[in-house]
Protein chains: 4
Amino acid sequence: MTSHEPEDTPELRKLYKDFEDAHLLPLWTQRADLMPDEPSPQAVPYVWKWSTLLPIAERSGELVPVGRGGERRAISLANPGLGGQPYATPTLWAAIQYLGPKEVAPEHRHTQNAFRFVVEGEGVWTVVNGDPVAMRRGDFLLTPGWHFHGHHNTTDRPMAWLDGLDIPFVHYTDTAFFEFGPDEVSSRETPDVSRSERLWAHPGLRPLSGLENTASSPIAAYRWEHTDRALADQLALEDEGHAVTVEPGHAAVRFTNPTTGGDVMPTIRAEFHRLRGGTTTAARREVGSAVWQVFDGEGTVVLGGEERRLSRGDLVVVPSWTPLTWTCDTDLDLFRFADTPIFERLHQARVSVGA
Amino acid sequence: MTSHEPEDTPELRKLYKDFEDAHLLPLWTQRADLMPDEPSPQAVPYVWKWSTLLPIAERSGELVPVGRGGERRAISLANPGLGGQPYATPTLWAAIQYLGPKEVAPEHRHTQNAFRFVVEGEGVWTVVNGDPVAMRRGDFLLTPGWHFHGHHNTTDRPMAWLDGLDIPFVHYTDTAFFEFGPDEVSSRETPDVSRSERLWAHPGLRPLSGLENTASSPIAAYRWEHTDRALADQLALEDEGHAVTVEPGHAAVRFTNPTTGGDVMPTIRAEFHRLRGGTTTAARREVGSAVWQVFDGEGTVVLGGEERRLSRGDLVVVPSWTPLTWTCDTDLDLFRFADTPIFERLHQARVSVGA
Amino acid sequence: MTSHEPEDTPELRKLYKDFEDAHLLPLWTQRADLMPDEPSPQAVPYVWKWSTLLPIAERSGELVPVGRGGERRAISLANPGLGGQPYATPTLWAAIQYLGPKEVAPEHRHTQNAFRFVVEGEGVWTVVNGDPVAMRRGDFLLTPGWHFHGHHNTTDRPMAWLDGLDIPFVHYTDTAFFEFGPDEVSSRETPDVSRSERLWAHPGLRPLSGLENTASSPIAAYRWEHTDRALADQLALEDEGHAVTVEPGHAAVRFTNPTTGGDVMPTIRAEFHRLRGGTTTAARREVGSAVWQVFDGEGTVVLGGEERRLSRGDLVVVPSWTPLTWTCDTDLDLFRFADTPIFERLHQARVSVGA
Amino acid sequence: MTSHEPEDTPELRKLYKDFEDAHLLPLWTQRADLMPDEPSPQAVPYVWKWSTLLPIAERSGELVPVGRGGERRAISLANPGLGGQPYATPTLWAAIQYLGPKEVAPEHRHTQNAFRFVVEGEGVWTVVNGDPVAMRRGDFLLTPGWHFHGHHNTTDRPMAWLDGLDIPFVHYTDTAFFEFGPDEVSSRETPDVSRSERLWAHPGLRPLSGLENTASSPIAAYRWEHTDRALADQLALEDEGHAVTVEPGHAAVRFTNPTTGGDVMPTIRAEFHRLRGGTTTAARREVGSAVWQVFDGEGTVVLGGEERRLSRGDLVVVPSWTPLTWTCDTDLDLFRFADTPIFERLHQARVSVGA
């Protein structure tokens, strides 16, 4: 077949110039880039070490006040492939947020969906629609879109945690709304358990006052004790001969919305994975991007053929369709979030396991 | 308007006779009965006392062996309005099942959906698809359609419990399939917690090995400790000023399928209600029928205008569209099951509250 | 294994007597009947000949006025297995309705879902929620639950048609509501095409004023010209080598709700089948019951092993799980309705094809 | 409240430098841009005139061959606000495609969803998964993701049409897959009606061979005659006193997937609007972006306060949340497509009408 490359003539140059003037662009010169054979992300696999993040957050705590306008002392992972934007992936935001002793992050709400995951520390309450939610190591906490929320640190010690949001997706798609709330948090109560948990976090039980399904989970906090027990139970059941793990030595749970059984928020999937020491996971590629954080232990991730060594608090970004394998000599606990719900709802999801 | 009553002539009599011979029936002579202004059930409100049920079950235990063929020592409530059929309501079966010391009820499976609710006792394990599930006071246990199941009593004491099924509905609609399993239960293990609970009964957490939705809940046992805590939490939240109860003094949870957030089984809804002493519930009518069992305390039910006094273990049947009110001087705990999922799925559900 | 039959003793007799007095029934004596190995319907396969139905309807037209109270001159098929009830099957009602010259059937509404299918004649308009809908040979017309409707015959000739409803199911489940409307029809207009069709019966097009999904189809009439063309197209495509038929020589369409793509009404499925002369369909069993009417041609149905010969207008009832085969020497057009949506929504549906 | 602006010190500068080195970015310096009070799109409202597009496409036809590699002679609208990318909006691609006499655009498939809309001309068949689909004025034609497709012009005249795809969204989210098919189209047949239409384009009728729901509509072509009639019927019904239009003088239909009643493709909504002369539509803002093309007549669009005059073939781009009003003195026919299904599925959709 002939190449079909048009001859470079003055007429062609004039045509291309006229395209430009008329705000037009030919498909044929850029088809291969626009429509690649398979996902060809600009975002790159990248690791941020907790040992870098925490000190820089602490320095921010000394130099930068938290308050109305800036709203949060959050420092976002900027994927080196994304041209200096504060985006972990094209769709996902990941940041370390830092709140000093007795500090308050004022209330606001936005259409962006948000969560917090706590790799260490405690003493902060996040107040979500007036409900004070304690934050402790291992907890996964939700602030779904358009819920008012603020944070306050009740202790004399600072606290840092991981924030995950769909800011890049919402920004790109021009769907953002934002509204300030009170400068103070609307409740200074410090209960161990939030009202949302007392109403909703009972296995398989739904309050009769909550029979309408909600876009996001009504559970404000998924506590570490439950996650830990679920993972331990899966590995114990595997030991007893039952095929309930993802693959041998690999237990995993997904955080879900109890009103639907689906993902916690419309754009964000969150999971916890536990690998038994000595496990190597099957190589896996998924359409869409993800971020993993090591919660406990040490291990190696192989991403697109390149190995990276990670330990507690380290974060790794997985661009779309990049093959991923985890290996560990000792037990490894991993938190993961991803944008997959977007693509499942739009029938664009694909997964490839093995090979 | 004229009455349109046809004149009683020899020709008309001949016509009606010919209808009969041709297996035909005129609508006009029975329209009002067939299509009443509102539900006009044949089933009647009725109460069975636990003090009657338990002794008669004990006598059955002495006289009737349990085993292959009869399959279960279950004694069903036969609604006095339903002409001697073993049906609590047109759609629901409710029975007291009794298992003597060391007895075994052999394994089988059927398309009928079943549950057990334990008002007292312990020591029996129901084995569901090979998973041994302990039965204890307050527990709600599932055997969804086409799951193999058998029971065995490990103790020297008998045990009795409530069985609920959709036998009448399945029988009427000719949708029943049945299959024998082993005469013995497939597992003699006696764990405190079933495998299904270890995999599924963690609030908001879903195993990655269980991402396909199932028609019925994968949780084999909803434990009393969770139900009790959820109800206590609702009343405590109410005390703290939050409108989370059904109505003042009336807490309630629905047992749900964590893969969908919906009812535990396609044809059966199950709930637990707790009334604070001094509460009178708003009169409520629902399309579809229900059965309530008193779990603890004493109270009065007003059904279709008639009062009945109930205490622990007593069962009351509520026909379709019959107004229902509960009143109690002291705290009252109530288990309830109903056929409402059928009518919600078929867009026939109606509820009327008050007046 | 021993038989486990209890010994017939005075104590046992006393027990059984006490059961009766307490409105209780033992499962073990009736388990096999209640829970058969596979559906064991009381309804029987049965054929009603149009040549019987039409004359008897005509005689009714002479002897029985139509009007308020009786509401309709409808003569229902009473399955010989169902003890004299006016039910074609446990869930479905099928009747021939007859309206004399210039007669009016007054308006009412009910929660029962209804349709009409016209095997011959024309000249009646059914007025559904104020929208006049012409009835003509081959048309399938809807009156979903709780829609007001009446009929009037504008001609000097009588007209008869098939009514299908879920009266038995609604009666059995105690979910019926009924309300009288005006004695006259609310519109005497006689348009060729109803408003509902002008709004909704354009392929793949949905009015922006109708974006809320509805439980039943908003299309009041599915016209023969469309059904006929769809079936002809399927057979033509088959001739051209495309596998678009149910099986060779067997074209079929389902009438659907354009807001969901699902069945026209929550409890009733309706289809049209066209068999090319010389076709024998694969034996098929389905959970749930159905009624077929021959629209055109002649053929043989084999039902539970027994052959019956049918021609235009004849009706045949198919009980649950009864094997069904159609054979025809010349082309055969068949209308069918069934209760399958009930069982699909309740996860009780099963189909077995062949053998 | 104080401004909370951190003091510009050497330490702060060092901190910000260290952020950069560590691929981190602070939220507080860019919060307002990232998370605006309401959507603040970079894309701008813009009009492309058909009188510009068609001649430039004709010149491309002379100078640029169509064939393997470039694949299509498509010239895309490049929104002036989007920095020279070939995107009409952040999510939507709109292009004029041009095929000369006897030319062939080779077959390929991709995960991007595509449609064609024909504002003038005929003589091209698009072959979708082997099914030849004629293209004629007013037709709306689908090529859902991962369907093979090519085009061939059977005439001696060129033809141009509008292509709409989700290329920008798919590119941004890294979800693209692409595969070459044959260089020739797989069928040279030129039927008036495609096989997909013969199987699916009958109002409310679903083939029994097509009972599985599909992510996109199985109807390859929505024909002008149906669209036109549906719109004419709506306006006639309005004239007869029925409130079936969007607003007075404004008829509209949505192209839908008959297997679900939802949008034709998971990411793209398509509609046709007809305004009676003298109509001014209520101002409307929607989350998400849209493209309109004038099919017939002339009118004025007011977009974000600025008026633009449009006539046949002209295209206008509407960024997210930009208020839109149409006015016309004479009848105006408008085709519209939008990315709203993305946001409805992700619970981000908002609409504001009036004021």
# chains A, B, ... in the order shown; residues from 1 in each chain; ligands from 1
$ residues_around --residues "Glu107 (chain D)" --least-positions-apart "2" --cutoff "10 Å" --atoms "only C-alpha atoms" --output "list of chain:residue names"
D:Gly67, D:Arg68, D:Glu71, D:Arg72, D:Val104, D:Ala105, D:Arg109, D:Thr126, D:Val127, D:Val128, D:Asn129, D:Gly130, D:His147, D:Phe148, D:His149, D:Gly150, D:His151, D:Glu179, D:Phe180, D:Gly181, D:Pro182, D:Asp183, D:Glu184, D:Val185, D:Ser186
$ interface_residues --of "chain C" --to "chain B" --cutoff "7 Å" --atoms "only C-alpha atoms" --output "JSON, numbers by chain"
{"C": [4, 6, 12, 23, 24, 25, 26, 27, 28, 29, 31, 34, 35, 36, 37, 38, 39, 40, 41, 63, 64, 65, 66, 67, 70, 71, 72, 73, 74, 75, 76, 77, 78, 79, 80, 86, 90, 171, 172, 173, 174, 175, 176, 177, 178, 179, 215, 266, 267, 287, 288, 320, 342, 345, 346, 347, 348]}
$ closest_residue --among "C:Phe115, C:Phe140, C:Phe337, C:Phe295" --to "Asp314 (chain C)" --atoms "only C-alpha atoms"
C:Phe295
$ residues_around --residues "Glu247 (chain C)" --least-positions-apart "4" --cutoff "12 Å" --atoms "only C-alpha atoms" --output "VMD selection string"
(chain C and resid 234 to 235 238 242 to 243 251 to 252 273 to 276 279 to 283 353 to 354) or (chain D and resid 208 to 209)
$ closest_atom_pairs --of "region 86-153 of chain A" --to "region 225-228 of chain A" --cutoff "12 Å" --atoms "only C-alpha atoms" --output "JSON lines"
{"residue": "A:Arg136", "atom": "CA", "partner": "A:Glu225", "partner_atom": "CA", "distance": 10.6}
{"residue": "A:Arg137", "atom": "CA", "partner": "A:Glu225", "partner_atom": "CA", "distance": 10.0}
{"residue": "A:Gly138", "atom": "CA", "partner": "A:Glu225", "partner_atom": "CA", "distance": 8.1}
{"residue": "A:Asp139", "atom": "CA", "partner": "A:Glu225", "partner_atom": "CA", "distance": 8.5}
{"residue": "A:Phe140", "atom": "CA", "partner": "A:Thr227", "partner_atom": "CA", "distance": 9.4}
$ write_last_selection --atoms "C-alpha atoms" --output "mmCIF file, in the first residue's frame"
data_model
loop_
_atom_site.group_PDB
_atom_site.id
_atom_site.type_symbol
_atom_site.label_atom_id
_atom_site.label_comp_id
_atom_site.auth_asym_id
_atom_site.auth_seq_id
_atom_site.Cartn_x
_atom_site.Cartn_y
_atom_site.Cartn_z
ATOM 1 C CA ARG A 136 -6.184 7.216 63.429
ATOM 2 C CA ARG A 137 -3.537 5.037 61.838
ATOM 3 C CA GLY A 138 -5.021 2.691 59.256
ATOM 4 C CA ASP A 139 -8.341 4.493 58.978
ATOM 5 C CA PHE A 140 -9.819 5.344 55.595
#
$ select_by_dssp --residues "region 69-302 of chain B" --states "strand (DSSP E)" --output "PyMOL selection string"
chain B and resi 74-77+93-99+104-110+114-117+122-128+131-136+140-143+149-153+159-165+178-180+205-207+221-222+250-255+269-275+284-286+290-297+299-302
$ atom_distance --atom1 "CA of Pro323 (chain A)" --atom2 "CA of Asn213 (chain B)"
27.4 Å
$ residues_around --residues "Glu189 (chain B)" --least-positions-apart "2" --cutoff "12 Å" --atoms "only C-alpha atoms" --output "PyMOL selection string"
chain B and resi 124-127+130-134+151-154+185-187+191-195
